[in-house]
Amino acid sequence: MQINPDAASARCSGPQERRLAEPIFIRPAYAEQFRCIGSECEDTCCQGWSVPIDRATYRKYKDLPSSLLRAQLDSCLVLSPAGKEGLNGETFAKIRMTGSNQCPLLTENRLCRIQLEQGEAFLSEACASYPRVVTSIGGVAEMALALSCPEAARQVLLAEDLLAAGHGGDEGETSTEEPWLFGLRDVVVGLIRNRDYPLWQRVFLMGILCRRLDAIGRGEFARSVPGFLAEFEATVASGSLHGALDALPADGSAQLDVVLRLAGMLLHRSNVRQRFVDCIGAFTAGIGNGPEATLESLAAHYQDAHDRSYEPFFERHPHMLENYLLNTVFRWRFPFGREGTRAGAQPQMTREFVRLAAQFALIKGLLIGVAGFHGEKFTAEHVVHTVQAATKHFDHHPEFLNLAHDLLAESGLDGARGLAVLLRNTKLTAAAPAARPASDPVYAPGPAGGRPERPVLPLTASMPPLPHPRPMRRRGVW
């Protein structure tokens, strides 16, 4: 990594900077506790995606004796371009999906025939690990969860203290040529958990942090990384930023416009699952969609849904969105990104922040609409459903995060004031706008950077409302 190495490795004299240079970091352990619940799950990870097969697993399948399972595998395994050239990798081959885009090895009970007959050791690397996501920071392996799995979403979002099961790295484990990596990650985690600031302000401050670190990397800000992190933590702790943050702009119409466009990107995918359609149906009903809708009327309903349903719920359950952000930090190696921790790489932390802010804004916006639809009956399981359904579409969409970044850049919302508009909601006391029927079309936004012109339905005219959630219960190990 090339963040001004001389400055980054500099040791400063203050006690805070010594702590940041030699951190004892929190290593998340919650993902290690995950257990698949199999056929009890309300969704399946064996439909809607391609199933990659690594080379070692492919060889195992080809060495199986003649059987019905072997015949099924022979008929559905397809070598990838890399596999045809004999190259190693996670995607040496793929399983050809059925006409309904489902794995042909899924039984009627939605269980994997390979695992049932041959055991977990015969699963491919991708199938055996999902929804666990293994990443590395400073050479230390960590694990997070993909929230596209309903049980993983429950485990993450419902935990009162997601990091309670975490443990600190020992001295040997955290040894690295760039110890500030762990100091930076500790600052980010501490900021997300700092309830002295509203959550939107914590996310906004993460953006300020990333911009300054990028400036250090370019040599535009003459500070050592440990020194800057110590100053940043001290400034946040002092509370001196509250006034400036409170003065940042809010614009519900602009925020909703972006949420609609981000959701529209996912709705225009060919493989849209019913759970996401249900989520969008509840969201659009909750913001008052209808044939006569305008952006202004939708924004009024959006504001009312925020004030009456969303904000009261998350004031009682602040850990849920904090946990979402924490898991996102571990899942995507924020703020370094997938490539940013590699030797010689120059991380683009501001870009990584804009991508995170787009994800958070979409999830938050959908939750506001869903909360407005359910009102006082809005529950934690609705949160799980919304996060899981949306995540399943954008977390595994290869281009979504790049497209979302480009959308914010084209809309002028990737700067400080624009991100404040994207993240902030202010509570109003105006009377609630008149409700609209849930079956009416959703208002579709116009091209990037422009205002919508007319209400149209981009998907179908009969999106059903979000079904009553299944009762929450702790499931056994599959």
# chains A, B, ... in the order shown; residues from 1 in each chain; ligands from 1
>>> residues_around(residues="Val354 (chain A)", least_positions_apart="3", cutoff="8 Å", atoms="only C-alpha atoms", output="list in words")
Gly207, Thr350, Arg351, Ala357, Ala358, His405, Leu408 and Asp414 of chain A
>>> select_by_dssp(residues="region 124-240 of chain A", states="strand (DSSP E or B)", output="PyMOL selection string")
chain A and resi 132-137+140-145+167-168
>>> atom_distance(atom1="CA of Ala237 (chain A)", atom2="CA of Gln348 (chain A)")
26.1 Å
>>> closest_residue(among="A:Gly227, A:Gly119, A:Pro150, A:Pro65", to="Ala389 (chain A)", atoms="only C-alpha atoms")
A:Pro150
>>> closest_residue(among="A:Gln388, A:Gln115, A:Thr57, A:Thr91", to="Thr44 (chain A)", atoms="only C-alpha atoms")
A:Gln388
>>> atom_distance(atom1="CA of Met143 (chain A)", atom2="CA of Ala361 (chain A)")
24.3 Å
>>> closest_residue(among="A:Gly418, A:Gly412, A:Gly337, A:Gly281", to="Leu366 (chain A)", atoms="only C-alpha atoms")
A:Gly281
>>> residues_around(residues="Val329 (chain A)", least_positions_apart="3", cutoff="9 Å", atoms="only C-alpha atoms", output="PyMOL selection string")
chain A and resi 144+185+188-189+324-326+332-335+356
>>> select_by_dssp(residues="region 205-325 of chain A", states="helix (DSSP H, G or I)", output="JSON, numbers by chain")
{"A": [205, 206, 207, 208, 209, 210, 211, 212, 213, 214, 215, 216, 217, 225, 226, 227, 228, 229, 230, 231, 232, 233, 234, 235, 236, 237, 238, 242, 243, 244, 245, 246, 252, 253, 254, 255, 256, 257, 258, 259, 260, 261, 262, 263, 264, 265, 266, 267, 274, 275, 276, 277, 278, 279, 280, 281, 282, 283, 284, 285, 286, 295, 296, 297, 298, 299, 300, 301, 302, 303, 304, 305, 306, 307, 308, 309, 310, 311, 312, 313, 314, 315, 316, 319, 320, 321, 322, 323, 324, 325]}
